[in-house]
>>> print(open('target_25.txt').read())   # compact mmCIF, N, CA and C atoms
# COMPACT_ATOMS: atom_id res chain seq x y z
N MET A 1 7.14 -4.10 -32.65
CA MET A 1 7.39 -2.72 -32.27
C MET A 1 8.69 -2.28 -32.94
N LYS A 2 8.68 -1.10 -33.50
CA LYS A 2 9.86 -0.57 -34.18
C LYS A 2 10.83 0.02 -33.17
N ILE A 3 12.10 0.08 -33.57
CA ILE A 3 13.14 0.60 -32.68
C ILE A 3 12.86 2.03 -32.25
N GLU A 4 12.28 2.83 -33.14
CA GLU A 4 11.95 4.21 -32.79
C GLU A 4 10.93 4.26 -31.65
N SER A 5 9.97 3.35 -31.69
CA SER A 5 8.95 3.28 -30.63
C SER A 5 9.57 2.86 -29.30
N ILE A 6 10.49 1.91 -29.36
CA ILE A 6 11.16 1.45 -28.14
C ILE A 6 12.00 2.59 -27.56
N HIS A 7 12.71 3.31 -28.42
CA HIS A 7 13.51 4.43 -27.92
C HIS A 7 12.62 5.50 -27.29
N ARG A 8 11.44 5.73 -27.84
CA ARG A 8 10.51 6.70 -27.22
C ARG A 8 10.08 6.23 -25.84
N LEU A 9 9.80 4.94 -25.70
CA LEU A 9 9.42 4.40 -24.39
C LEU A 9 10.57 4.51 -23.40
N GLU A 10 11.78 4.19 -23.84
CA GLU A 10 12.95 4.31 -22.97
C GLU A 10 13.12 5.75 -22.50
N LYS A 11 12.99 6.69 -23.42
CA LYS A 11 13.14 8.11 -23.07
C LYS A 11 12.04 8.58 -22.13
N ALA A 12 10.84 8.02 -22.28
CA ALA A 12 9.73 8.38 -21.39
C ALA A 12 10.01 7.90 -19.96
N VAL A 13 10.53 6.69 -19.82
CA VAL A 13 10.88 6.17 -18.49
C VAL A 13 11.96 7.04 -17.87
N ILE A 14 12.97 7.39 -18.66
CA ILE A 14 14.06 8.24 -18.18
C ILE A 14 13.52 9.60 -17.73
N LEU A 15 12.67 10.21 -18.54
CA LEU A 15 12.09 11.51 -18.18
C LEU A 15 11.29 11.40 -16.88
N PHE A 16 10.50 10.36 -16.75
CA PHE A 16 9.72 10.16 -15.53
C PHE A 16 10.62 10.04 -14.30
N LEU A 17 11.64 9.18 -14.38
CA LEU A 17 12.53 8.99 -13.24
C LEU A 17 13.30 10.27 -12.91
N ASN A 18 13.77 10.97 -13.92
CA ASN A 18 14.51 12.22 -13.69
C ASN A 18 13.61 13.29 -13.08
N THR A 19 12.38 13.37 -13.53
CA THR A 19 11.46 14.43 -13.09
C THR A 19 10.86 14.15 -11.72
N PHE A 20 10.43 12.93 -11.49
CA PHE A 20 9.65 12.64 -10.29
C PHE A 20 10.41 11.90 -9.20
N ASP A 21 11.60 11.38 -9.49
CA ASP A 21 12.29 10.58 -8.49
C ASP A 21 13.76 10.96 -8.34
N ASP A 22 14.14 12.13 -8.86
CA ASP A 22 15.49 12.69 -8.68
C ASP A 22 16.63 11.85 -9.23
N TRP A 23 16.38 11.06 -10.27
CA TRP A 23 17.46 10.39 -10.98
C TRP A 23 18.13 11.41 -11.89
N GLN A 24 19.32 11.10 -12.36
CA GLN A 24 20.03 11.91 -13.37
C GLN A 24 20.48 10.95 -14.46
N LEU A 25 19.56 10.62 -15.35
CA LEU A 25 19.82 9.62 -16.38
C LEU A 25 19.87 10.25 -17.76
N GLU A 26 20.61 9.59 -18.64
CA GLU A 26 20.60 9.96 -20.05
C GLU A 26 20.41 8.70 -20.87
N HIS A 27 19.74 8.85 -21.99
CA HIS A 27 19.50 7.74 -22.90
C HIS A 27 20.78 7.47 -23.67
N THR A 28 21.20 6.21 -23.72
CA THR A 28 22.43 5.90 -24.44
C THR A 28 22.20 5.80 -25.94
N GLY A 29 21.00 5.33 -26.33
CA GLY A 29 20.65 5.30 -27.74
C GLY A 29 21.49 4.41 -28.61
N SER A 30 22.25 3.52 -28.03
CA SER A 30 23.13 2.65 -28.82
C SER A 30 22.63 1.22 -28.77
N ASP A 31 22.66 0.57 -29.92
CA ASP A 31 22.27 -0.83 -29.96
C ASP A 31 23.40 -1.74 -29.50
N PHE A 32 24.56 -1.18 -29.24
CA PHE A 32 25.72 -1.99 -28.90
C PHE A 32 26.04 -2.00 -27.41
N ASP A 33 25.45 -1.10 -26.65
CA ASP A 33 25.63 -1.12 -25.20
C ASP A 33 24.70 -2.16 -24.59
N PRO A 34 25.09 -2.77 -23.49
CA PRO A 34 24.19 -3.73 -22.84
C PRO A 34 23.15 -3.04 -21.97
N TYR A 35 22.98 -1.75 -22.12
CA TYR A 35 22.02 -0.98 -21.33
C TYR A 35 21.46 0.16 -22.18
N ASP A 36 20.34 0.72 -21.71
CA ASP A 36 19.64 1.76 -22.46
C ASP A 36 19.76 3.14 -21.84
N ALA A 37 20.16 3.19 -20.57
CA ALA A 37 20.33 4.47 -19.88
C ALA A 37 21.50 4.35 -18.92
N LYS A 38 22.13 5.49 -18.69
CA LYS A 38 23.20 5.54 -17.69
C LYS A 38 23.10 6.86 -16.97
N GLY A 39 23.65 6.90 -15.75
CA GLY A 39 23.60 8.14 -14.99
C GLY A 39 23.82 7.91 -13.52
N ILE A 40 23.00 8.64 -12.73
CA ILE A 40 23.16 8.66 -11.28
C ILE A 40 21.80 8.35 -10.63
N THR A 41 21.82 7.49 -9.60
CA THR A 41 20.60 7.17 -8.85
C THR A 41 20.25 8.34 -7.93
N PRO A 42 19.06 8.34 -7.34
CA PRO A 42 18.71 9.39 -6.37
C PRO A 42 19.65 9.44 -5.17
N LYS A 43 20.35 8.33 -4.89
CA LYS A 43 21.30 8.30 -3.77
C LYS A 43 22.72 8.65 -4.20
N GLY A 44 22.88 9.12 -5.46
CA GLY A 44 24.18 9.59 -5.93
C GLY A 44 25.13 8.52 -6.42
N ARG A 45 24.63 7.32 -6.72
CA ARG A 45 25.49 6.23 -7.22
C ARG A 45 25.40 6.14 -8.74
N LYS A 46 26.52 5.82 -9.39
CA LYS A 46 26.52 5.59 -10.83
C LYS A 46 25.66 4.37 -11.12
N CYS A 47 24.95 4.41 -12.25
CA CYS A 47 24.08 3.29 -12.58
C CYS A 47 23.91 3.14 -14.08
N VAL A 48 23.46 1.96 -14.48
CA VAL A 48 23.00 1.70 -15.84
C VAL A 48 21.67 0.96 -15.72
N ILE A 49 20.83 1.15 -16.73
CA ILE A 49 19.53 0.49 -16.74
C ILE A 49 19.30 -0.14 -18.11
N GLU A 50 19.04 -1.44 -18.10
CA GLU A 50 18.60 -2.15 -19.29
C GLU A 50 17.08 -2.21 -19.21
N MET A 51 16.39 -1.88 -20.31
CA MET A 51 14.93 -1.82 -20.29
C MET A 51 14.33 -2.78 -21.30
N LYS A 52 13.22 -3.40 -20.90
CA LYS A 52 12.45 -4.25 -21.80
C LYS A 52 10.98 -3.88 -21.66
N PHE A 53 10.31 -3.82 -22.80
CA PHE A 53 8.89 -3.51 -22.84
C PHE A 53 8.20 -4.69 -23.51
N ARG A 54 7.36 -5.36 -22.75
CA ARG A 54 6.70 -6.58 -23.23
C ARG A 54 5.22 -6.32 -23.49
N LYS A 55 4.72 -6.84 -24.59
CA LYS A 55 3.30 -6.72 -24.92
C LYS A 55 2.46 -7.76 -24.20
N THR A 56 3.12 -8.81 -23.73
CA THR A 56 2.43 -9.91 -23.07
C THR A 56 2.95 -10.03 -21.64
N TYR A 57 2.04 -10.33 -20.72
CA TYR A 57 2.42 -10.53 -19.32
C TYR A 57 2.89 -11.97 -19.10
N TYR A 58 4.00 -12.11 -18.40
CA TYR A 58 4.48 -13.39 -17.91
C TYR A 58 4.81 -13.20 -16.43
N ASP A 59 4.58 -14.24 -15.61
CA ASP A 59 4.84 -14.08 -14.17
C ASP A 59 6.33 -14.11 -13.85
N THR A 60 7.17 -14.49 -14.78
CA THR A 60 8.61 -14.33 -14.63
C THR A 60 9.09 -13.42 -15.75
N LYS A 61 10.16 -12.70 -15.48
CA LYS A 61 10.71 -11.74 -16.45
C LYS A 61 12.02 -12.31 -16.98
N MET A 62 12.11 -12.45 -18.29
CA MET A 62 13.25 -13.11 -18.90
C MET A 62 14.39 -12.13 -19.15
N LEU A 63 15.60 -12.55 -18.79
CA LEU A 63 16.82 -11.78 -19.01
C LEU A 63 17.86 -12.73 -19.59
N GLU A 64 18.36 -12.40 -20.78
CA GLU A 64 19.36 -13.26 -21.40
C GLU A 64 20.63 -13.30 -20.54
N VAL A 65 21.18 -14.49 -20.39
CA VAL A 65 22.39 -14.67 -19.60
C VAL A 65 23.53 -13.84 -20.19
N ALA A 66 23.66 -13.81 -21.52
CA ALA A 66 24.72 -13.02 -22.15
C ALA A 66 24.59 -11.54 -21.81
N LYS A 67 23.36 -11.02 -21.80
CA LYS A 67 23.13 -9.61 -21.45
C LYS A 67 23.49 -9.38 -19.99
N TYR A 68 23.06 -10.30 -19.13
CA TYR A 68 23.37 -10.20 -17.70
C TYR A 68 24.88 -10.16 -17.48
N LYS A 69 25.60 -11.05 -18.13
CA LYS A 69 27.06 -11.11 -17.96
C LYS A 69 27.72 -9.82 -18.43
N ARG A 70 27.23 -9.25 -19.52
CA ARG A 70 27.80 -7.98 -19.99
C ARG A 70 27.54 -6.86 -18.99
N LEU A 71 26.34 -6.84 -18.43
CA LEU A 71 26.02 -5.83 -17.42
C LEU A 71 26.90 -6.02 -16.18
N MET A 72 27.03 -7.27 -15.73
CA MET A 72 27.76 -7.53 -14.49
C MET A 72 29.27 -7.37 -14.67
N SER A 73 29.74 -7.28 -15.91
CA SER A 73 31.17 -7.06 -16.15
C SER A 73 31.55 -5.59 -16.00
N LEU A 74 30.56 -4.73 -15.85
CA LEU A 74 30.84 -3.30 -15.62
C LEU A 74 31.46 -3.15 -14.23
N PRO A 75 32.15 -2.05 -14.00
CA PRO A 75 32.82 -1.86 -12.69
C PRO A 75 31.87 -2.02 -11.51
N ASP A 76 32.42 -2.45 -10.38
CA ASP A 76 31.63 -2.70 -9.17
C ASP A 76 30.92 -1.46 -8.64
N ASP A 77 31.45 -0.27 -8.93
CA ASP A 77 30.81 0.95 -8.41
C ASP A 77 29.62 1.40 -9.26
N VAL A 78 29.27 0.63 -10.28
CA VAL A 78 28.12 0.93 -11.12
C VAL A 78 26.96 0.01 -10.74
N VAL A 79 25.83 0.59 -10.36
CA VAL A 79 24.63 -0.16 -10.01
C VAL A 79 23.99 -0.64 -11.32
N LYS A 80 23.67 -1.94 -11.38
CA LYS A 80 23.08 -2.52 -12.58
C LYS A 80 21.60 -2.80 -12.34
N ILE A 81 20.75 -2.22 -13.17
CA ILE A 81 19.30 -2.32 -12.99
C ILE A 81 18.67 -2.88 -14.26
N TYR A 82 17.72 -3.79 -14.07
CA TYR A 82 16.94 -4.34 -15.18
C TYR A 82 15.50 -3.89 -14.97
N PHE A 83 14.96 -3.13 -15.91
CA PHE A 83 13.60 -2.60 -15.83
C PHE A 83 12.74 -3.32 -16.87
N VAL A 84 11.59 -3.82 -16.43
CA VAL A 84 10.66 -4.49 -17.34
C VAL A 84 9.29 -3.86 -17.16
N ALA A 85 8.66 -3.53 -18.29
CA ALA A 85 7.28 -3.05 -18.27
C ALA A 85 6.45 -4.02 -19.11
N ASP A 86 5.31 -4.41 -18.59
CA ASP A 86 4.40 -5.28 -19.32
C ASP A 86 2.97 -4.82 -19.03
N PRO A 87 1.96 -5.46 -19.60
CA PRO A 87 0.58 -4.99 -19.39
C PRO A 87 0.11 -4.95 -17.94
N LYS A 88 0.77 -5.68 -17.04
CA LYS A 88 0.33 -5.69 -15.64
C LYS A 88 1.17 -4.82 -14.72
N GLY A 89 2.29 -4.24 -15.22
CA GLY A 89 3.06 -3.40 -14.32
C GLY A 89 4.46 -3.10 -14.81
N SER A 90 5.22 -2.47 -13.93
CA SER A 90 6.62 -2.12 -14.17
C SER A 90 7.44 -2.67 -13.01
N TYR A 91 8.62 -3.19 -13.32
CA TYR A 91 9.42 -3.91 -12.34
C TYR A 91 10.88 -3.45 -12.41
N PHE A 92 11.48 -3.15 -11.26
CA PHE A 92 12.90 -2.80 -11.16
C PHE A 92 13.63 -3.95 -10.47
N PHE A 93 14.60 -4.50 -11.16
CA PHE A 93 15.44 -5.55 -10.58
C PHE A 93 16.84 -4.96 -10.38
N TRP A 94 17.28 -4.87 -9.14
CA TRP A 94 18.61 -4.39 -8.81
C TRP A 94 19.52 -5.60 -8.89
N LEU A 95 20.15 -5.80 -10.03
CA LEU A 95 20.87 -7.05 -10.31
C LEU A 95 22.02 -7.30 -9.36
N ASP A 96 22.65 -6.25 -8.84
CA ASP A 96 23.77 -6.44 -7.91
C ASP A 96 23.35 -7.19 -6.65
N GLY A 97 22.08 -7.10 -6.29
CA GLY A 97 21.60 -7.71 -5.05
C GLY A 97 20.91 -9.04 -5.24
N ILE A 98 20.91 -9.57 -6.46
CA ILE A 98 20.24 -10.85 -6.71
C ILE A 98 21.30 -11.93 -6.84
N ASP A 99 21.19 -12.95 -5.98
CA ASP A 99 22.16 -14.04 -5.97
C ASP A 99 21.52 -15.32 -6.50
N LYS A 100 22.37 -16.24 -6.88
CA LYS A 100 21.98 -17.61 -7.21
C LYS A 100 20.91 -17.71 -8.28
N LEU A 101 21.15 -17.07 -9.40
CA LEU A 101 20.24 -17.21 -10.53
C LEU A 101 20.52 -18.53 -11.23
N LYS A 102 19.47 -19.19 -11.67
CA LYS A 102 19.61 -20.45 -12.37
C LYS A 102 19.13 -20.25 -13.81
N SER A 103 19.98 -20.61 -14.75
CA SER A 103 19.63 -20.39 -16.15
C SER A 103 18.83 -21.56 -16.71
N VAL A 104 18.05 -21.26 -17.74
CA VAL A 104 17.31 -22.26 -18.51
C VAL A 104 17.52 -21.93 -19.98
N LYS A 105 17.26 -22.90 -20.84
CA LYS A 105 17.36 -22.66 -22.28
C LYS A 105 15.96 -22.57 -22.85
N LYS A 106 15.74 -21.51 -23.63
CA LYS A 106 14.43 -21.27 -24.23
C LYS A 106 14.61 -20.87 -25.69
N PHE A 107 13.62 -21.21 -26.52
CA PHE A 107 13.63 -20.72 -27.88
C PHE A 107 13.15 -19.28 -27.86
N CYS A 108 13.98 -18.39 -28.37
CA CYS A 108 13.69 -16.96 -28.37
C CYS A 108 14.00 -16.40 -29.76
N PRO A 109 13.42 -15.25 -30.09
CA PRO A 109 13.81 -14.62 -31.34
C PRO A 109 15.32 -14.36 -31.34
N LYS A 110 15.93 -14.55 -32.50
CA LYS A 110 17.38 -14.36 -32.61
C LYS A 110 17.76 -12.94 -32.23
N THR A 111 16.96 -11.96 -32.66
CA THR A 111 17.14 -10.57 -32.27
C THR A 111 15.81 -10.03 -31.81
N THR A 112 15.84 -8.97 -31.06
CA THR A 112 14.60 -8.42 -30.50
C THR A 112 13.67 -7.91 -31.59
N LEU A 113 14.21 -7.26 -32.61
CA LEU A 113 13.37 -6.56 -33.57
C LEU A 113 13.47 -7.03 -35.01
N TRP A 114 14.58 -7.62 -35.37
CA TRP A 114 14.87 -7.78 -36.79
C TRP A 114 14.76 -9.21 -37.26
N GLY A 115 13.54 -9.67 -37.43
CA GLY A 115 13.35 -11.00 -37.98
C GLY A 115 12.59 -11.92 -37.06
N SER A 116 12.13 -13.02 -37.63
CA SER A 116 11.32 -13.95 -36.85
C SER A 116 12.05 -15.26 -36.58
N LYS A 117 13.31 -15.38 -36.99
CA LYS A 117 14.05 -16.61 -36.72
C LYS A 117 14.24 -16.78 -35.22
N LYS A 118 14.14 -18.04 -34.80
CA LYS A 118 14.33 -18.32 -33.37
C LYS A 118 15.55 -19.20 -33.18
N GLN A 119 16.12 -19.06 -31.99
CA GLN A 119 17.24 -19.90 -31.60
C GLN A 119 17.14 -20.17 -30.11
N LYS A 120 17.82 -21.21 -29.67
CA LYS A 120 17.83 -21.54 -28.25
C LYS A 120 18.80 -20.61 -27.55
N LYS A 121 18.33 -19.92 -26.51
CA LYS A 121 19.16 -19.00 -25.75
C LYS A 121 19.13 -19.37 -24.28
N GLU A 122 20.24 -19.09 -23.63
CA GLU A 122 20.32 -19.29 -22.18
C GLU A 122 19.78 -18.02 -21.52
N VAL A 123 18.79 -18.18 -20.65
CA VAL A 123 18.14 -17.04 -20.01
C VAL A 123 17.95 -17.29 -18.53
N TYR A 124 17.77 -16.20 -17.81
CA TYR A 124 17.32 -16.26 -16.42
C TYR A 124 15.85 -15.87 -16.42
N LEU A 125 15.06 -16.53 -15.59
CA LEU A 125 13.66 -16.17 -15.40
C LEU A 125 13.54 -15.57 -14.01
N LEU A 126 13.38 -14.26 -13.96
CA LEU A 126 13.33 -13.54 -12.69
C LEU A 126 11.90 -13.48 -12.18
N SER A 127 11.67 -13.97 -10.98
CA SER A 127 10.33 -13.91 -10.41
C SER A 127 10.05 -12.49 -9.93
N GLU A 128 8.80 -12.12 -9.97
CA GLU A 128 8.40 -10.76 -9.59
C GLU A 128 8.80 -10.41 -8.16
N ASP A 129 8.88 -11.40 -7.29
CA ASP A 129 9.24 -11.09 -5.90
C ASP A 129 10.70 -10.65 -5.76
N LEU A 130 11.51 -10.80 -6.81
CA LEU A 130 12.88 -10.28 -6.80
C LEU A 130 12.95 -8.80 -7.14
N ALA A 131 11.85 -8.27 -7.67
CA ALA A 131 11.81 -6.86 -8.04
C ALA A 131 11.61 -6.02 -6.78
N SER A 132 12.42 -4.97 -6.65
CA SER A 132 12.29 -4.13 -5.45
C SER A 132 11.38 -2.96 -5.68
N TYR A 133 11.03 -2.69 -6.91
CA TYR A 133 10.14 -1.57 -7.21
C TYR A 133 9.13 -2.08 -8.22
N ILE A 134 7.90 -2.21 -7.81
CA ILE A 134 6.87 -2.74 -8.68
C ILE A 134 5.70 -1.76 -8.73
N THR A 135 5.25 -1.47 -9.92
CA THR A 135 4.03 -0.69 -10.12
C THR A 135 3.05 -1.60 -10.83
N ARG A 136 1.96 -1.90 -10.20
CA ARG A 136 0.97 -2.79 -10.82
C ARG A 136 -0.11 -1.97 -11.49
N ALA A 137 -0.50 -2.43 -12.66
CA ALA A 137 -1.59 -1.79 -13.40
C ALA A 137 -2.91 -2.07 -12.66
N SER A 138 -3.80 -1.15 -12.74
CA SER A 138 -5.11 -1.30 -12.12
C SER A 138 -5.90 -2.38 -12.84
N THR A 139 -6.65 -3.17 -12.10
CA THR A 139 -7.48 -4.21 -12.71
C THR A 139 -8.94 -3.80 -12.74
N ASP A 140 -9.21 -2.52 -12.49
CA ASP A 140 -10.60 -2.03 -12.50
C ASP A 140 -11.17 -1.99 -13.89
>>> encode(input="target_25.txt", output="structure tokens")
Amino acid sequence: MKIESIHRLEKAVILFLNTFDDWQLEHTGSDFDPYDAKGITPKGRKCVIEMKFRKTYYDTKMLEVAKYKRLMSLPDDVVKIYFVADPKGSYFFWLDGIDKLKSVKKFCPKTTLWGSKKQKKEVYLLSEDLASYITRASTD
């Protein structure tokens, strides 16, 4: 998937949340921020959202430890959210409320989009039951 396609998906999620769920988000559009959107939650709290769009379904959702640490280094008054969409649904992980994550090492692409080289990365595998907002795709 090209970066332009990913940015379109990110903007679509932002538009949906802003329109139908009273969020006030803006797309950051930067490859250097540890998040893809920032703004205000429906309850009036500052927030950031990191988004991942997966073509394949996995029963755990992978989050790089380095990305997690960058998100968690933001001020305490900023809500940190990890959003994952895959063929079976969409998942919201409110990272501030998840304790005791255990990391594992996995071979992953060195970068999300640019090349096929792999390296061992430290990641968290988030189970779906940690997601507080889940939309499941229909199996009909």
>>> residues_around(input="target_25.txt", residues="A:Leu25", least_positions_apart="2", cutoff="7 Å", atoms="only N, CA and C atoms", output="PyMOL selection string")
chain A and resi 14+17-18+22-23+27+37-41
>>> atom_distance(input="target_25.txt", atom1="atom CA of A:Lys69", atom2="atom CA of A:Gln119")
19.0 Å
>>> residues_around(input="target_25.txt", residues="stretch 126-134 of chain A", least_positions_apart="5", cutoff="9 Å", atoms="only C-alpha atoms", output="PDB file with N, CA and C atoms, keeping the file's coordinate frame")
ATOM      1  N   ASP A  59       4.580 -14.240 -15.610  1.00  0.00           N
ATOM      2  CA  ASP A  59       4.840 -14.080 -14.170  1.00  0.00           C
ATOM      3  C   ASP A  59       6.330 -14.110 -13.850  1.00  0.00           C
ATOM      4  N   THR A  60       7.170 -14.490 -14.780  1.00  0.00           N
ATOM      5  CA  THR A  60       8.610 -14.330 -14.630  1.00  0.00           C
ATOM      6  C   THR A  60       9.090 -13.420 -15.750  1.00  0.00           C
ATOM      7  N   LYS A  61      10.160 -12.700 -15.480  1.00  0.00           N
ATOM      8  CA  LYS A  61      10.710 -11.740 -16.450  1.00  0.00           C
ATOM      9  C   LYS A  61      12.020 -12.310 -16.980  1.00  0.00           C
ATOM     10  N   MET A  62      12.110 -12.450 -18.290  1.00  0.00           N
ATOM     11  CA  MET A  62      13.250 -13.110 -18.900  1.00  0.00           C
ATOM     12  C   MET A  62      14.390 -12.130 -19.150  1.00  0.00           C
ATOM     13  N   LEU A  63      15.600 -12.550 -18.790  1.00  0.00           N
ATOM     14  CA  LEU A  63      16.820 -11.780 -19.010  1.00  0.00           C
ATOM     15  C   LEU A  63      17.860 -12.730 -19.590  1.00  0.00           C
ATOM     16  N   GLY A  89       2.290  -4.240 -15.220  1.00  0.00           N
ATOM     17  CA  GLY A  89       3.060  -3.400 -14.320  1.00  0.00           C
ATOM     18  C   GLY A  89       4.460  -3.100 -14.810  1.00  0.00           C
ATOM     19  N   SER A  90       5.220  -2.470 -13.930  1.00  0.00           N
ATOM     20  CA  SER A  90       6.620  -2.120 -14.170  1.00  0.00           C
ATOM     21  C   SER A  90       7.440  -2.670 -13.010  1.00  0.00           C
ATOM     22  N   TYR A  91       8.620  -3.190 -13.320  1.00  0.00           N
ATOM     23  CA  TYR A  91       9.420  -3.910 -12.340  1.00  0.00           C
ATOM     24  C   TYR A  91      10.880  -3.450 -12.410  1.00  0.00           C
ATOM     25  N   PHE A  92      11.480  -3.150 -11.260  1.00  0.00           N
ATOM     26  CA  PHE A  92      12.900  -2.800 -11.160  1.00  0.00           C
ATOM     27  C   PHE A  92      13.630  -3.950 -10.470  1.00  0.00           C
ATOM     28  N   PHE A  93      14.600  -4.500 -11.160  1.00  0.00           N
ATOM     29  CA  PHE A  93      15.440  -5.550 -10.580  1.00  0.00           C
ATOM     30  C   PHE A  93      16.840  -4.960 -10.380  1.00  0.00           C
ATOM     31  N   TRP A  94      17.280  -4.870  -9.140  1.00  0.00           N
ATOM     32  CA  TRP A  94      18.610  -4.390  -8.810  1.00  0.00           C
ATOM     33  C   TRP A  94      19.520  -5.600  -8.890  1.00  0.00           C
ATOM     34  N   ILE A  98      20.910  -9.570  -6.460  1.00  0.00           N
ATOM     35  CA  ILE A  98      20.240 -10.850  -6.710  1.00  0.00           C
ATOM     36  C   ILE A  98      21.300 -11.930  -6.840  1.00  0.00           C
ATOM     37  N   LEU A 101      21.150 -17.070  -9.400  1.00  0.00           N
ATOM     38  CA  LEU A 101      20.240 -17.210 -10.530  1.00  0.00           C
ATOM     39  C   LEU A 101      20.520 -18.530 -11.230  1.00  0.00           C
TER      40      LEU A 101
END
>>> closest_residue(input="target_25.txt", among="A:Lys100, A:Pro75, A:Arg45, A:Met51", to="A:Glu10", atoms="all atoms listed in the file")
A:Met51
>>> select_by_dssp(input="target_25.txt", residues="chain A", states="alpha helix (DSSP H)", output="ChimeraX atom specification")
/A:3-20,65-72
>>> write_last_selection(input="target_25.txt", atoms="N, CA and C atoms", output="mmCIF file, in the coordinates of the input")
data_model
loop_
_atom_site.group_PDB
_atom_site.id
_atom_site.type_symbol
_atom_site.label_atom_id
_atom_site.label_comp_id
_atom_site.auth_asym_id
_atom_site.auth_seq_id
_atom_site.Cartn_x
_atom_site.Cartn_y
_atom_site.Cartn_z
ATOM 1 N N ILE A 3 12.100 0.080 -33.570
ATOM 2 C CA ILE A 3 13.140 0.600 -32.680
ATOM 3 C C ILE A 3 12.860 2.030 -32.250
ATOM 4 N N GLU A 4 12.280 2.830 -33.140
ATOM 5 C CA GLU A 4 11.950 4.210 -32.790
ATOM 6 C C GLU A 4 10.930 4.260 -31.650
ATOM 7 N N SER A 5 9.970 3.350 -31.690
ATOM 8 C CA SER A 5 8.950 3.280 -30.630
ATOM 9 C C SER A 5 9.570 2.860 -29.300
ATOM 10 N N ILE A 6 10.490 1.910 -29.360
ATOM 11 C CA ILE A 6 11.160 1.450 -28.140
ATOM 12 C C ILE A 6 12.000 2.590 -27.560
ATOM 13 N N HIS A 7 12.710 3.310 -28.420
ATOM 14 C CA HIS A 7 13.510 4.430 -27.920
ATOM 15 C C HIS A 7 12.620 5.500 -27.290
ATOM 16 N N ARG A 8 11.440 5.730 -27.840
ATOM 17 C CA ARG A 8 10.510 6.700 -27.220
ATOM 18 C C ARG A 8 10.080 6.230 -25.840
ATOM 19 N N LEU A 9 9.800 4.940 -25.700
ATOM 20 C CA LEU A 9 9.420 4.400 -24.390
ATOM 21 C C LEU A 9 10.570 4.510 -23.400
ATOM 22 N N GLU A 10 11.780 4.190 -23.840
ATOM 23 C CA GLU A 10 12.950 4.310 -22.970
ATOM 24 C C GLU A 10 13.120 5.750 -22.500
ATOM 25 N N LYS A 11 12.990 6.690 -23.420
ATOM 26 C CA LYS A 11 13.140 8.110 -23.070
ATOM 27 C C LYS A 11 12.040 8.580 -22.130
ATOM 28 N N ALA A 12 10.840 8.020 -22.280
ATOM 29 C CA ALA A 12 9.730 8.380 -21.390
ATOM 30 C C ALA A 12 10.010 7.900 -19.960
ATOM 31 N N VAL A 13 10.530 6.690 -19.820
ATOM 32 C CA VAL A 13 10.880 6.170 -18.490
ATOM 33 C C VAL A 13 11.960 7.040 -17.870
ATOM 34 N N ILE A 14 12.970 7.390 -18.660
ATOM 35 C CA ILE A 14 14.060 8.240 -18.180
ATOM 36 C C ILE A 14 13.520 9.600 -17.730
ATOM 37 N N LEU A 15 12.670 10.210 -18.540
ATOM 38 C CA LEU A 15 12.090 11.510 -18.180
ATOM 39 C C LEU A 15 11.290 11.400 -16.880
ATOM 40 N N PHE A 16 10.500 10.360 -16.750
ATOM 41 C CA PHE A 16 9.720 10.160 -15.530
ATOM 42 C C PHE A 16 10.620 10.040 -14.300
ATOM 43 N N LEU A 17 11.640 9.180 -14.380
ATOM 44 C CA LEU A 17 12.530 8.990 -13.240
ATOM 45 C C LEU A 17 13.300 10.270 -12.910
ATOM 46 N N ASN A 18 13.770 10.970 -13.920
ATOM 47 C CA ASN A 18 14.510 12.220 -13.690
ATOM 48 C C ASN A 18 13.610 13.290 -13.080
ATOM 49 N N THR A 19 12.380 13.370 -13.530
ATOM 50 C CA THR A 19 11.460 14.430 -13.090
ATOM 51 C C THR A 19 10.860 14.150 -11.720
ATOM 52 N N PHE A 20 10.430 12.930 -11.490
ATOM 53 C CA PHE A 20 9.650 12.640 -10.290
ATOM 54 C C PHE A 20 10.410 11.900 -9.200
ATOM 55 N N VAL A 65 21.180 -14.490 -20.390
ATOM 56 C CA VAL A 65 22.390 -14.670 -19.600
ATOM 57 C C VAL A 65 23.530 -13.840 -20.190
ATOM 58 N N ALA A 66 23.660 -13.810 -21.520
ATOM 59 C CA ALA A 66 24.720 -13.020 -22.150
ATOM 60 C C ALA A 66 24.590 -11.540 -21.810
ATOM 61 N N LYS A 67 23.360 -11.020 -21.800
ATOM 62 C CA LYS A 67 23.130 -9.610 -21.450
ATOM 63 C C LYS A 67 23.490 -9.380 -19.990
ATOM 64 N N TYR A 68 23.060 -10.300 -19.130
ATOM 65 C CA TYR A 68 23.370 -10.200 -17.700
ATOM 66 C C TYR A 68 24.880 -10.160 -17.480
ATOM 67 N N LYS A 69 25.600 -11.050 -18.130
ATOM 68 C CA LYS A 69 27.060 -11.110 -17.960
ATOM 69 C C LYS A 69 27.720 -9.820 -18.430
ATOM 70 N N ARG A 70 27.230 -9.250 -19.520
ATOM 71 C CA ARG A 70 27.800 -7.980 -19.990
ATOM 72 C C ARG A 70 27.540 -6.860 -18.990
ATOM 73 N N LEU A 71 26.340 -6.840 -18.430
ATOM 74 C CA LEU A 71 26.020 -5.830 -17.420
ATOM 75 C C LEU A 71 26.900 -6.020 -16.180
ATOM 76 N N MET A 72 27.030 -7.270 -15.730
ATOM 77 C CA MET A 72 27.760 -7.530 -14.490
ATOM 78 C C MET A 72 29.270 -7.370 -14.670
#
>>> closest_residue(input="target_25.txt", among="A:Ala12, A:Asp76, A:Val65, A:Val48", to="A:Val104", atoms="all atoms listed in the file")
A:Val65
>>> closest_residue(input="target_25.txt", among="A:Lys118, A:Lys105, A:Lys46, A:Lys52", to="A:Asp77", atoms="all atoms listed in the file")
A:Lys46
>>> atom_distance(input="target_25.txt", atom1="atom C of A:Ser5", atom2="atom N of A:Lys88")
17.3 Å
>>> atom_distance(input="target_25.txt", atom1="atom CA of A:Thr28", atom2="atom CA of A:Ala137")
27.5 Å
>>> select_by_dssp(input="target_25.txt", residues="stretch 5-79 of chain A", states="strand (DSSP E)", output="PyMOL selection string")
chain A and resi 24-27+37-40+46-53+60-64+78-79
